[in-house]
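**Q** This one is protein03.cif, mmCIF, C-alpha atoms and all ligand atoms.
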```cif
data_data
#
loop_
_atom_site.group_PDB
_atom_site.id
_atom_site.type_symbol
_atom_site.label_atom_id
_atom_site.label_comp_id
_atom_site.auth_asym_id
_atom_site.auth_seq_id
_atom_site.Cartn_x
_atom_site.Cartn_y
_atom_site.Cartn_z
ATOM 1 C CA MET A 1 14.423 12.093 -10.263
ATOM 2 C CA ALA A 2 16.035 12.408 -6.824
ATOM 3 C CA TRP A 3 12.768 12.394 -4.914
ATOM 4 C CA TRP A 4 14.509 12.792 -1.578
ATOM 5 C CA ARG A 5 15.266 16.434 -2.455
ATOM 6 C CA PHE A 6 11.555 16.910 -1.852
ATOM 7 C CA TRP A 7 12.061 16.812 1.924
ATOM 8 C CA ARG A 8 12.982 20.286 3.075
ATOM 9 C CA ARG A 9 14.949 18.974 6.034
ATOM 10 C CA SER A 10 17.358 16.342 4.833
ATOM 11 C CA GLY A 11 17.034 14.346 8.024
ATOM 12 C CA ASP A 12 20.031 12.722 9.554
ATOM 13 C CA GLY A 13 21.851 13.244 6.270
ATOM 14 C CA LYS A 14 22.716 9.585 5.940
ATOM 15 C CA ASP A 15 22.276 7.680 2.688
ATOM 16 C CA THR A 16 22.234 3.896 2.697
ATOM 17 C CA THR A 17 21.587 1.199 0.133
ATOM 18 C CA ALA A 18 19.228 -1.713 0.701
ATOM 19 C CA GLY A 19 19.477 -4.303 -2.068
ATOM 20 C CA ASN A 20 18.922 -2.403 -5.292
ATOM 21 C CA MET A 21 17.500 0.740 -3.634
ATOM 22 C CA ARG A 22 19.063 3.873 -2.205
ATOM 23 C CA GLN A 23 17.554 5.163 1.009
ATOM 24 C CA ARG A 24 17.628 8.415 2.952
ATOM 25 C CA SER A 25 17.145 8.639 6.715
ATOM 26 C CA LEU A 26 14.754 11.219 8.081
ATOM 27 C CA MET A 27 14.003 11.668 11.787
ATOM 28 C CA GLY A 28 14.909 8.079 12.554
ATOM 29 C CA ARG A 29 12.997 6.499 9.646
ATOM 30 C CA LEU A 30 14.317 5.305 6.272
ATOM 31 C CA PHE A 31 12.696 6.400 2.985
ATOM 32 C CA LEU A 32 13.306 5.354 -0.625
ATOM 33 C CA ARG A 33 15.246 8.010 -2.540
ATOM 34 C CA ASP A 34 14.475 7.266 -6.168
ATOM 35 C CA VAL A 35 10.674 6.856 -6.377
ATOM 36 C CA PRO A 36 7.723 9.084 -5.333
ATOM 37 C CA TYR A 37 6.722 6.574 -2.615
ATOM 38 C CA VAL A 38 6.025 8.459 0.645
ATOM 39 C CA LEU A 39 5.955 5.786 3.345
ATOM 40 C CA PRO A 40 9.103 4.616 5.153
ATOM 41 C CA LYS A 41 10.998 1.531 4.038
ATOM 42 C CA ASP A 42 12.423 0.086 7.248
ATOM 43 C CA MET A 43 11.750 -2.620 9.843
ATOM 44 C CA GLY A 44 9.082 -0.499 11.527
ATOM 45 C CA GLU A 45 7.179 -0.375 8.230
ATOM 46 C CA VAL A 46 7.751 -4.097 7.591
ATOM 47 C CA ASN A 47 6.034 -4.756 10.910
ATOM 48 C CA ARG A 48 3.157 -2.383 10.070
ATOM 49 C CA LEU A 49 2.630 -3.915 6.607
ATOM 50 C CA ASP A 50 2.618 -7.466 7.980
ATOM 51 C CA PHE A 51 0.160 -6.419 10.702
ATOM 52 C CA GLN A 52 -1.971 -4.617 8.090
ATOM 53 C CA HIS A 53 -1.972 -7.738 5.909
ATOM 54 C CA TYR A 54 -3.347 -9.888 8.747
ATOM 55 C CA MET A 55 -5.859 -7.171 9.646
ATOM 56 C CA MET A 56 -7.081 -6.954 6.020
ATOM 57 C CA ARG A 57 -7.362 -10.723 5.627
ATOM 58 C CA SER A 58 -9.368 -10.904 8.820
ATOM 59 C CA ALA A 59 -11.594 -7.886 8.073
ATOM 60 C CA LEU A 60 -12.316 -8.908 4.451
ATOM 61 C CA ARG A 61 -12.535 -12.608 5.352
ATOM 62 C CA GLY A 62 -9.904 -13.735 2.895
ATOM 63 C CA ASN A 63 -7.076 -12.659 0.644
ATOM 64 C CA TYR A 64 -9.124 -12.002 -2.502
ATOM 65 C CA ALA A 65 -12.637 -11.215 -3.660
ATOM 66 C CA ALA A 66 -12.584 -11.865 -7.439
ATOM 67 C CA PRO A 67 -14.026 -15.200 -8.624
ATOM 68 C CA ILE A 68 -10.589 -16.510 -9.599
ATOM 69 C CA GLY A 69 -11.283 -20.242 -9.364
ATOM 70 C CA THR A 70 -7.935 -22.053 -9.278
ATOM 71 C CA PRO A 71 -5.462 -19.781 -11.074
ATOM 72 C CA ASP A 72 -2.222 -21.279 -12.397
ATOM 73 C CA SER A 73 -0.302 -17.991 -12.320
ATOM 74 C CA ILE A 74 -0.623 -15.008 -9.949
ATOM 75 C CA LEU A 75 1.137 -11.628 -9.848
ATOM 76 C CA ASP A 76 1.194 -9.258 -6.856
ATOM 77 C CA VAL A 77 2.142 -5.707 -7.878
ATOM 78 C CA GLY A 78 3.930 -3.727 -5.130
ATOM 79 C CA SER A 79 4.282 -6.896 -3.074
ATOM 80 C CA GLY A 80 5.897 -5.240 -0.031
ATOM 81 C CA THR A 81 6.926 -7.819 2.556
ATOM 82 C CA GLY A 82 5.621 -10.609 0.295
ATOM 83 C CA ARG A 83 3.168 -11.850 2.906
ATOM 84 C CA TRP A 84 0.092 -11.837 0.583
ATOM 85 C CA ALA A 85 1.954 -13.528 -2.287
ATOM 86 C CA ILE A 86 3.477 -16.194 -0.025
ATOM 87 C CA GLU A 87 0.074 -17.016 1.456
ATOM 88 C CA MET A 88 -1.434 -17.251 -2.049
ATOM 89 C CA ALA A 89 1.423 -19.584 -3.080
ATOM 90 C CA THR A 90 0.556 -21.821 -0.139
ATOM 91 C CA LEU A 91 -3.172 -21.652 -0.877
ATOM 92 C CA PHE A 92 -2.656 -22.453 -4.588
ATOM 93 C CA PRO A 93 0.327 -24.851 -4.580
ATOM 94 C CA ARG A 94 0.011 -25.530 -8.325
ATOM 95 C CA ALA A 95 0.127 -21.848 -9.214
ATOM 96 C CA SER A 96 3.296 -19.943 -9.987
ATOM 97 C CA VAL A 97 3.127 -16.813 -7.774
ATOM 98 C CA THR A 98 5.270 -13.732 -8.453
ATOM 99 C CA GLY A 99 5.687 -10.626 -6.329
ATOM 100 C CA ILE A 100 7.119 -7.480 -7.907
ATOM 101 C CA ASP A 101 8.307 -4.482 -5.916
ATOM 102 C CA VAL A 102 10.844 -1.715 -6.394
ATOM 103 C CA ALA A 103 12.639 -2.881 -3.228
ATOM 104 C CA ALA A 104 13.320 -6.500 -2.317
ATOM 105 C CA PRO A 105 11.616 -7.695 0.879
ATOM 106 C CA GLN A 106 13.798 -7.643 3.974
ATOM 107 C CA PRO A 107 15.204 -11.129 4.618
ATOM 108 C CA ASP A 108 13.932 -12.772 7.780
ATOM 109 C CA GLU A 109 17.142 -13.210 9.722
ATOM 110 C CA SER A 110 15.736 -15.080 12.697
ATOM 111 C CA ALA A 111 16.306 -18.737 11.824
ATOM 112 C CA ALA A 112 13.745 -19.910 14.363
ATOM 113 C CA GLY A 113 11.014 -17.490 13.282
ATOM 114 C CA ALA A 114 11.631 -17.673 9.554
ATOM 115 C CA ILE A 115 8.645 -18.639 7.418
ATOM 116 C CA ALA A 116 9.887 -20.940 4.676
ATOM 117 C CA GLN A 117 9.123 -19.492 1.245
ATOM 118 C CA PRO A 118 7.123 -21.902 -0.887
ATOM 119 C CA ALA A 119 8.951 -23.138 -3.996
ATOM 120 C CA ASN A 120 6.169 -21.766 -6.232
ATOM 121 C CA TYR A 121 6.783 -18.166 -5.076
ATOM 122 C CA GLN A 122 9.349 -15.837 -6.576
ATOM 123 C CA PHE A 123 10.245 -12.169 -6.168
ATOM 124 C CA VAL A 124 11.140 -9.972 -9.159
ATOM 125 C CA PRO A 125 12.508 -6.443 -8.622
ATOM 126 C CA GLY A 126 10.821 -3.798 -10.759
ATOM 127 C CA ASN A 127 9.544 -0.226 -10.839
ATOM 128 C CA VAL A 128 5.858 -0.244 -11.823
ATOM 129 C CA LEU A 129 6.142 3.332 -13.071
ATOM 130 C CA GLU A 130 8.405 1.992 -15.840
ATOM 131 C CA GLY A 131 5.995 -0.770 -16.900
ATOM 132 C CA LEU A 132 5.775 -4.424 -15.898
ATOM 133 C CA PRO A 133 8.615 -6.691 -17.141
ATOM 134 C CA PHE A 134 6.313 -9.506 -18.330
ATOM 135 C CA PRO A 135 4.888 -10.418 -21.749
ATOM 136 C CA ASP A 136 1.197 -9.798 -22.542
ATOM 137 C CA GLY A 137 -1.238 -12.240 -20.930
ATOM 138 C CA THR A 138 1.271 -13.885 -18.563
ATOM 139 C CA PHE A 139 -0.932 -14.220 -15.462
ATOM 140 C CA ALA A 140 -4.385 -15.648 -14.707
ATOM 141 C CA TYR A 141 -4.834 -13.255 -11.764
ATOM 142 C CA VAL A 142 -3.116 -9.932 -10.977
ATOM 143 C CA HIS A 143 -3.529 -8.264 -7.585
ATOM 144 C CA GLN A 144 -2.400 -4.791 -6.497
ATOM 145 C CA ARG A 145 -2.987 -3.412 -2.989
ATOM 146 C CA TYR A 146 -2.185 -0.126 -1.253
ATOM 147 C CA MET A 147 -0.267 1.667 -4.001
ATOM 148 C CA ILE A 148 -1.881 5.115 -3.554
ATOM 149 C CA GLY A 149 1.290 6.306 -1.817
ATOM 150 C CA ALA A 150 3.454 5.006 -4.681
ATOM 151 C CA ILE A 151 1.757 5.854 -7.995
ATOM 152 C CA PRO A 152 1.164 9.525 -8.893
ATOM 153 C CA ARG A 153 -2.382 10.205 -10.030
ATOM 154 C CA ASP A 154 -1.475 10.959 -13.646
ATOM 155 C CA GLN A 155 0.315 7.600 -13.891
ATOM 156 C CA TRP A 156 -2.620 5.461 -12.724
ATOM 157 C CA PRO A 157 -4.158 4.997 -16.215
ATOM 158 C CA HIS A 158 -0.820 3.746 -17.545
ATOM 159 C CA THR A 159 -0.041 1.476 -14.585
ATOM 160 C CA VAL A 160 -3.536 -0.077 -14.548
ATOM 161 C CA ALA A 161 -3.245 -0.585 -18.340
ATOM 162 C CA GLU A 162 0.002 -2.465 -17.645
ATOM 163 C CA VAL A 163 -1.722 -4.614 -15.017
ATOM 164 C CA VAL A 164 -4.475 -5.469 -17.531
ATOM 165 C CA ARG A 165 -1.939 -6.107 -20.319
ATOM 166 C CA VAL A 166 -0.068 -8.779 -18.333
ATOM 167 C CA THR A 167 -3.377 -10.474 -17.366
ATOM 168 C CA ARG A 168 -4.459 -13.341 -19.594
ATOM 169 C CA HIS A 169 -7.701 -12.979 -21.622
ATOM 170 C CA GLY A 170 -10.318 -14.484 -19.345
ATOM 171 C CA GLY A 171 -8.224 -13.684 -16.251
ATOM 172 C CA TRP A 172 -8.961 -11.370 -13.327
ATOM 173 C CA ILE A 173 -7.496 -8.136 -11.977
ATOM 174 C CA GLU A 174 -8.080 -6.965 -8.391
ATOM 175 C CA LEU A 175 -7.196 -3.534 -6.985
ATOM 176 C CA VAL A 176 -7.495 -2.713 -3.274
ATOM 177 C CA GLU A 177 -7.046 0.787 -1.829
ATOM 178 C CA ALA A 178 -8.155 2.728 1.241
ATOM 179 C CA GLY A 179 -9.678 6.185 1.666
ATOM 180 C CA THR A 180 -9.488 8.592 4.588
ATOM 181 C CA SER A 181 -11.242 8.219 7.931
ATOM 182 C CA ARG A 182 -14.861 9.331 8.366
ATOM 183 C CA GLY A 183 -16.900 10.243 11.405
ATOM 184 C CA GLY A 184 -14.077 11.735 13.466
ATOM 185 C CA GLY A 185 -13.581 15.305 14.600
ATOM 186 C CA ALA A 186 -11.256 18.212 13.938
ATOM 187 C CA ALA A 187 -8.055 16.422 14.991
ATOM 188 C CA LEU A 188 -8.580 13.407 12.717
ATOM 189 C CA ALA A 189 -9.424 15.772 9.864
ATOM 190 C CA THR A 190 -6.232 17.741 10.547
ATOM 191 C CA VAL A 191 -3.986 14.666 10.559
ATOM 192 C CA ASP A 192 -5.659 13.246 7.427
ATOM 193 C CA GLY A 193 -5.281 16.672 5.795
ATOM 194 C CA TRP A 194 -1.538 16.799 6.484
ATOM 195 C CA VAL A 195 -1.081 13.308 5.066
ATOM 196 C CA ALA A 196 -3.141 14.191 1.974
ATOM 197 C CA SER A 197 -1.000 17.314 1.482
ATOM 198 C CA VAL A 198 2.276 15.362 1.691
ATOM 199 C CA LEU A 199 0.959 12.998 -0.972
ATOM 200 C CA ALA A 200 -0.293 15.860 -3.147
ATOM 201 C CA ARG A 201 3.178 17.456 -3.144
ATOM 202 C CA ARG A 202 4.365 14.345 -5.010
ATOM 203 C CA GLY A 203 1.363 14.175 -7.351
ATOM 204 C CA LEU A 204 -0.158 11.351 -5.266
ATOM 205 C CA ASP A 205 -3.898 11.418 -4.497
ATOM 206 C CA ILE A 206 -5.204 9.998 -1.230
ATOM 207 C CA HIS A 207 -8.790 10.132 -2.539
ATOM 208 C CA LEU A 208 -8.130 7.974 -5.560
ATOM 209 C CA GLY A 209 -9.610 4.742 -4.134
ATOM 210 C CA SER A 210 -13.111 5.697 -5.229
ATOM 211 C CA HIS A 211 -11.935 6.041 -8.866
ATOM 212 C CA LEU A 212 -10.513 2.568 -9.391
ATOM 213 C CA ARG A 213 -13.461 1.514 -11.555
ATOM 214 C CA GLU A 214 -12.660 4.265 -14.072
ATOM 215 C CA PHE A 215 -9.062 3.105 -14.422
ATOM 216 C CA LEU A 216 -10.074 -0.522 -14.957
ATOM 217 C CA GLU A 217 -12.762 0.492 -17.480
ATOM 218 C CA GLY A 218 -10.291 2.736 -19.280
ATOM 219 C CA ALA A 219 -7.866 -0.187 -19.551
ATOM 220 C CA GLY A 220 -10.535 -2.381 -21.180
ATOM 221 C CA ALA A 221 -11.553 -4.593 -18.243
ATOM 222 C CA SER A 222 -15.168 -5.770 -18.043
ATOM 223 C CA ALA A 223 -17.525 -7.271 -15.449
ATOM 224 C CA ILE A 224 -16.179 -4.761 -12.941
ATOM 225 C CA THR A 225 -17.370 -5.102 -9.355
ATOM 226 C CA VAL A 226 -16.806 -2.390 -6.746
ATOM 227 C CA ARG A 227 -17.072 -3.131 -3.046
ATOM 228 C CA GLU A 228 -16.714 -0.269 -0.616
ATOM 229 C CA VAL A 229 -16.210 -1.738 2.830
ATOM 230 C CA SER A 230 -16.460 0.595 5.846
ATOM 231 C CA LEU A 231 -14.136 -0.893 8.425
ATOM 232 C CA PRO A 232 -14.835 0.218 12.007
ATOM 233 C CA LEU A 233 -12.032 2.424 13.342
ATOM 234 C CA GLY A 234 -11.778 2.034 17.106
ATOM 235 C CA ALA A 235 -12.640 -0.357 19.912
ATOM 236 C CA TYR A 236 -16.410 0.147 19.427
ATOM 237 C CA GLY A 237 -15.930 -2.090 16.352
ATOM 238 C CA GLY A 238 -14.743 -5.041 18.444
ATOM 239 C CA ARG A 239 -11.587 -6.961 17.561
ATOM 240 C CA ILE A 240 -11.491 -5.699 13.939
ATOM 241 C CA GLY A 241 -12.036 -2.099 15.055
ATOM 242 C CA THR A 242 -9.084 -2.402 17.438
ATOM 243 C CA LEU A 243 -6.851 -3.871 14.700
ATOM 244 C CA VAL A 244 -7.861 -1.113 12.268
ATOM 245 C CA GLU A 245 -7.137 1.516 14.942
ATOM 246 C CA SER A 246 -3.643 0.080 15.584
ATOM 247 C CA ASP A 247 -2.874 0.044 11.875
ATOM 248 C CA TYR A 248 -4.293 3.531 11.355
ATOM 249 C CA PHE A 249 -2.140 5.082 14.097
ATOM 250 C CA ALA A 250 0.949 3.137 12.991
ATOM 251 C CA ALA A 251 0.434 4.780 9.583
ATOM 252 C CA VAL A 252 -0.018 8.187 11.268
ATOM 253 C CA ASP A 253 3.303 7.559 13.006
ATOM 254 C CA ALA A 254 4.928 6.548 9.699
ATOM 255 C CA MET A 255 3.855 9.868 8.134
ATOM 256 C CA ARG A 256 5.135 11.962 11.048
ATOM 257 C CA ALA A 257 8.615 12.628 9.588
ATOM 258 C CA PRO A 258 7.405 13.659 6.102
ATOM 259 C CA VAL A 259 4.755 16.066 7.501
ATOM 260 C CA ILE A 260 7.267 17.710 9.847
ATOM 261 C CA ALA A 261 10.091 17.750 7.285
ATOM 262 C CA LEU A 262 7.813 19.602 4.857
ATOM 263 C CA GLY A 263 7.128 22.231 7.503
ATOM 264 C CA MET A 264 3.380 21.495 7.652
ATOM 265 C CA ALA A 265 3.477 21.021 11.430
ATOM 266 C CA THR A 266 6.010 21.149 14.233
ATOM 267 C CA GLU A 267 6.764 17.965 16.143
ATOM 268 C CA GLU A 268 4.633 19.244 19.032
ATOM 269 C CA GLU A 269 1.697 20.138 16.768
ATOM 270 C CA TYR A 270 1.814 16.752 15.054
ATOM 271 C CA ASP A 271 1.986 14.777 18.299
ATOM 272 C CA ARG A 272 -0.787 16.860 19.906
ATOM 273 C CA ALA A 273 -3.093 16.355 16.902
ATOM 274 C CA ALA A 274 -2.333 12.614 16.764
ATOM 275 C CA GLN A 275 -3.118 12.294 20.487
ATOM 276 C CA ALA A 276 -6.389 14.236 20.081
ATOM 277 C CA ALA A 277 -7.266 12.053 17.072
ATOM 278 C CA ARG A 278 -6.857 8.965 19.287
ATOM 279 C CA GLN A 279 -9.367 10.467 21.720
ATOM 280 C CA GLU A 280 -11.837 11.176 18.899
ATOM 281 C CA VAL A 281 -11.580 7.544 17.833
ATOM 282 C CA GLN A 282 -12.438 6.427 21.409
ATOM 283 C CA ARG A 283 -15.819 8.192 21.064
ATOM 284 C CA GLY A 284 -16.818 5.556 18.506
ATOM 285 C CA LYS A 285 -18.518 5.902 15.123
ATOM 286 C CA CYS A 286 -15.301 6.389 13.081
ATOM 287 C CA VAL A 287 -14.933 4.287 9.967
ATOM 288 C CA PHE A 288 -12.145 3.650 7.529
ATOM 289 C CA PRO A 289 -13.236 2.925 3.943
ATOM 290 C CA VAL A 290 -11.530 0.256 1.845
ATOM 291 C CA TYR A 291 -12.247 -0.140 -1.873
ATOM 292 C CA VAL A 292 -12.022 -3.620 -3.346
ATOM 293 C CA VAL A 293 -12.452 -3.463 -7.119
ATOM 294 C CA TYR A 294 -12.095 -6.359 -9.505
ATOM 295 C CA GLY A 295 -12.649 -6.913 -13.187
ATOM 296 C CA HIS A 296 -12.152 -9.410 -15.945
ATOM 297 C CA ARG A 297 -9.933 -9.162 -19.028
ATOM 298 C CA PRO A 298 -12.265 -10.115 -21.879
HETATM 299 C C1 LIG B 1 1.985 0.446 1.207
HETATM 300 S S1 LIG B 1 3.079 -0.781 0.588
HETATM 301 C C2 LIG B 1 1.913 -2.075 0.169
HETATM 302 C C3 LIG B 1 2.575 -3.427 0.099
HETATM 303 C C4 LIG B 1 1.634 -4.596 -0.174
HETATM 304 N N1 LIG B 1 0.927 -4.431 -1.429
HETATM 305 C C5 LIG B 1 0.665 -4.800 0.942
HETATM 306 O O1 LIG B 1 -0.532 -4.617 0.750
HETATM 307 O O2 LIG B 1 1.127 -5.137 2.043
HETATM 308 C C6 LIG B 1 3.555 -0.157 -1.001
HETATM 309 C C7 LIG B 1 4.679 -0.960 -1.637
HETATM 310 O O3 LIG B 1 4.941 -0.389 -2.931
HETATM 311 C C8 LIG B 1 6.316 -0.433 -3.188
HETATM 312 N N2 LIG B 1 6.620 0.571 -4.220
HETATM 313 C C9 LIG B 1 6.691 1.897 -4.070
HETATM 314 N N3 LIG B 1 6.947 2.486 -5.255
HETATM 315 C C10 LIG B 1 7.052 1.489 -6.169
HETATM 316 C C11 LIG B 1 7.302 1.457 -7.551
HETATM 317 N N4 LIG B 1 7.482 2.597 -8.244
HETATM 318 N N5 LIG B 1 7.359 0.265 -8.185
HETATM 319 C C12 LIG B 1 7.151 -0.890 -7.478
HETATM 320 N N6 LIG B 1 6.895 -0.924 -6.160
HETATM 321 C C13 LIG B 1 6.828 0.250 -5.507
HETATM 322 C C14 LIG B 1 6.955 -0.168 -1.839
HETATM 323 O O4 LIG B 1 8.290 -0.623 -1.794
HETATM 324 C C15 LIG B 1 6.009 -0.927 -0.904
HETATM 325 O O5 LIG B 1 6.480 -2.232 -0.690
#
```
Represent the structure contained in this file as structure tokens.
**A**
Amino acid sequence: MAWWRFWRRSGDGKDTTAGNMRQRSLMGRLFLRDVPYVLPKDMGEVNRLDFQHYMMRSALRGNYAAPIGTPDSILDVGSGTGRWAIEMATLFPRASVTGIDVAAPQPDESAAGAIAQPANYQFVPGNVLEGLPFPDGTFAYVHQRYMIGAIPRDQWPHTVAEVVRVTRHGGWIELVEAGTSRGGGAALATVDGWVASVLARRGLDIHLGSHLREFLEGAGASAITVREVSLPLGAYGGRIGTLVESDYFAAVDAMRAPVIALGMATEEEYDRAAQAARQEVQRGKCVFPVYVVYGHRP
């Protein structure tokens, strides 16, 4: 399906190809054309995802929660910039670590700043909505984070079943997703509502994080543990609260073009609401829920 037809305004009208993926530009941002994924796929988003990765590792005090021991094989589903998988490859040098994503990570072109990729890490291109291209029981640990904007609600049972299928018996599966902000005022609720509506138009469900247990249970996982972590949103929460706020408003910025292109708000309305939401966050007491859910393949 040509998902880009979904945007009412076709943006700058320019199509480009990045690796194996076709992209469409919209109000200065690049979006994937051929999958339901709603967030941009450009350098601005690479920067946000890397920042978000460091924020999550700091806020959750580590890159994983499941009792994985020393796994010999790890898969990251929807690996994005590859930052999580590369760090896991460094942390577990004897493990073979694979990242799979529909679009290859952007190469780091700055020779001086390039982070060398460990030899035990590899990237495999693949569309998770078409299944995972690995035999049953390939990995000791499978991790999937922040795929709410990529997997339509009715495809979650199938995609989680795929994640469980490629996990070895006795191995672990970990799913991490976020919810919507709590404790704000009318402006935050408005912005969150627009974002939820953009997702809903593609069959995506922003509230799905609290249902991850059901998907894992339905796919036959056991010993399921659910951790709902309320991250502080705003400077009242100290260093973490400030990081969460930066990431939250970078995501609000990333969703600006889709909301406007769908005619849900004008540019002025969006920017005014985003500015008012920033002020609500300064009042303190806002939180941002993250769901960390892991289970075992018996
Ligand atoms: C919000 S990012 C999260 C990236 C990474 N998991 C992280 O936590 O930083 C979602 C990722 O899913 C990828 N994606 C979107 N649709 C996909 C699909 N159908 N199959 C595989 N990957 C997909 C995007 O390219 C993007 O890298």
**Q** Name all residues at most 8 Å from His143 (chain A) (count all atoms listed in the file; drop same-chain ones fewer than 5 positions away) and give them as a PyMOL selection string.
**A** chain A and resi 74-77+173-175
**Q** The selected residues should be written to file as a short mmCIF file (atom, residue, chain, number, x, y, z; two decimals), in the frame of the given file (atoms: C-alpha atoms).
**A**
```cif
data_model
loop_
_atom_site.label_atom_id
_atom_site.label_comp_id
_atom_site.auth_asym_id
_atom_site.auth_seq_id
_atom_site.Cartn_x
_atom_site.Cartn_y
_atom_site.Cartn_z
CA ILE A 74 -0.62 -15.01 -9.95
CA LEU A 75 1.14 -11.63 -9.85
CA ASP A 76 1.19 -9.26 -6.86
CA VAL A 77 2.14 -5.71 -7.88
CA ILE A 173 -7.50 -8.14 -11.98
CA GLU A 174 -8.08 -6.96 -8.39
CA LEU A 175 -7.20 -3.53 -6.98
#
```
**Q** Could you check the closest approach to Val160 (chain A) for each of A:Gln275, A:Ser181, A:Gln144, A:Ser25 and tell me which residue wins, using all atoms listed in the file?
**A**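 For Val160 (chain A), the nearest of the candidates is A:Gln144.
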**Q** Between A:Ala59, A:Ala273, A:Ile68, A:Ala116, single out the one closest to Trp172 (chain A), counting all atoms listed in the file.
**A**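 Of all the options, A:Ile68 lies closest to Trp172 (chain A).
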**Q** Do you know which residues are at most 10 Å from Ile148 (chain A) counting only C-alpha atoms, after dropping those on the same chain fewer than 6 positions away, and could you put them as a PyMOL selection string?
**A** chain A and resi 37-38+156+176-179+199+204-209
**Q** Show me a table, sorted first by chain and then by increasing residue number, of the residues of chain A having an atom at most 6 Å from ligand LIG 1 (chain B), each with its shortest atom pair and the distance in Å to one decimal, counting all atoms listed in the file and written as a tab-separated table.
**A**
```
residue	atom	partner	partner_atom	distance
A:Val35	CA	B:LIG1	N4	5.6
A:Tyr37	CA	B:LIG1	N3	4.9
A:Leu49	CA	B:LIG1	O2	5.0
A:His53	CA	B:LIG1	O2	5.6
A:Gly78	CA	B:LIG1	O3	4.1
A:Ser79	CA	B:LIG1	N1	4.5
A:Gly80	CA	B:LIG1	O5	3.1
A:Asp101	CA	B:LIG1	N6	3.8
A:Val102	CA	B:LIG1	C12	3.9
A:Ala103	CA	B:LIG1	O4	5.1
A:Gly126	CA	B:LIG1	C12	5.7
A:Asn127	CA	B:LIG1	N5	3.5
A:Val128	CA	B:LIG1	N5	4.0
A:Leu129	CA	B:LIG1	N4	5.1
A:Arg145	CA	B:LIG1	N1	4.3
A:Tyr146	CA	B:LIG1	C2	4.8
A:Met147	CA	B:LIG1	C6	5.2
A:Ala150	CA	B:LIG1	N3	4.3
```
**Q** Under the PyMOL selection byres (((chain A and resi 290) around 7) and not hetatm), which residues of this model are included? Write them out as JSON, numbers by chain.
**A** {"A": [177, 178, 179, 228, 229, 230, 288, 289, 291, 292]}
**Q** What does the structure give for the distance between CA of Ala200 (chain A) and CA of Leu26 (chain A), in Å to one decimal?
**A**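 Answer for the CA of Ala200 (chain A) to CA of Leu26 (chain A) separation: 19.3 Å.
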**Q** For the file shown, what are the residues hit by the PyMOL selection byres (((chain A and resi 248-258) around 9) and not hetatm), laid out as a count of residues only?
**A** 35
**Q** Evaluate the PyMOL selection byres (((chain A and resi 170) around 12) and not hetatm) on the structure here and hand back the selected residues as a list in words.
**A** Pro67, Ile68, Gly69, Pro71, Gly137, Thr138, Phe139, Ala140, Tyr141, Val142, Val164, Arg165, Val166, Thr167, Arg168, His169, Gly171, Trp172, Ile173, Ala221, Ser222, Ala223, Gly295, His296, Arg297 and Pro298 of chain A
**Q** At what distance in Å, to one decimal, does CA of Met43 (chain A) lie from CA of Thr242 (chain A)?
**A**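 Atom-to-atom, CA of Thr242 (chain A) to CA of Met43 (chain A), that is 22.2 Å.
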**Q** CA of Arg57 (chain A) to CA of Ala119 (chain A): how many Å, to one decimal?
**A** 22.6 Å
**Q** As JSON, what would the box around region 167-174 of chain A look like: edges along x, y and z, 3 Å added on every side, centre and edge lengths in Å to one decimal?
**A**
```
{"center_x": -6.8, "center_y": -10.7, "center_z": -15.0, "size_x": 12.9, "size_y": 13.5, "size_z": 19.2}
```
**Q** Report as a list in words all protein, DNA and RNA residues lying within 8 Å of Asn63 (chain A), evaluated on all atoms listed in the file, omitting residues in the same chain fewer than 3 positions from it.
**A**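 Result of the neighbour search: Met56, Arg57, Leu60, Trp84 and Met88 of chain A.
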**Q** Of the candidates A:Met21, A:Ala104, A:Val226, A:Leu91, which shows the shortest atom-to-atom distance to Glu214 (chain A), using all atoms listed in the file?
**A**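 Counting all atoms listed in the file, the residue closest to Glu214 (chain A) is A:Val226.
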**Q** As a PyMOL selection string, please: the residues near Glu162 (chain A) (cut-off 9 Å, only C-alpha atoms, same-chain neighbours under 5 positions excluded).
**A** chain A and resi 128+131-132+136+157+167+219
**Q** Between A:Ile240, A:Ala235, A:Val293, A:Ala186, single out the one closest to Arg213 (chain A), counting all atoms listed in the file.
**A**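 Of the candidates, the smallest distance to Arg213 (chain A) is held by A:Val293.
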**Q** Could you check which residues have any atom within 6 Å of (-14.4, 3.1, 18.7), counting all atoms listed in the file with coordinates taken straight from the file, and then list them as an MDAnalysis selection string?
**A** chainID A and resid 233:237 281:284
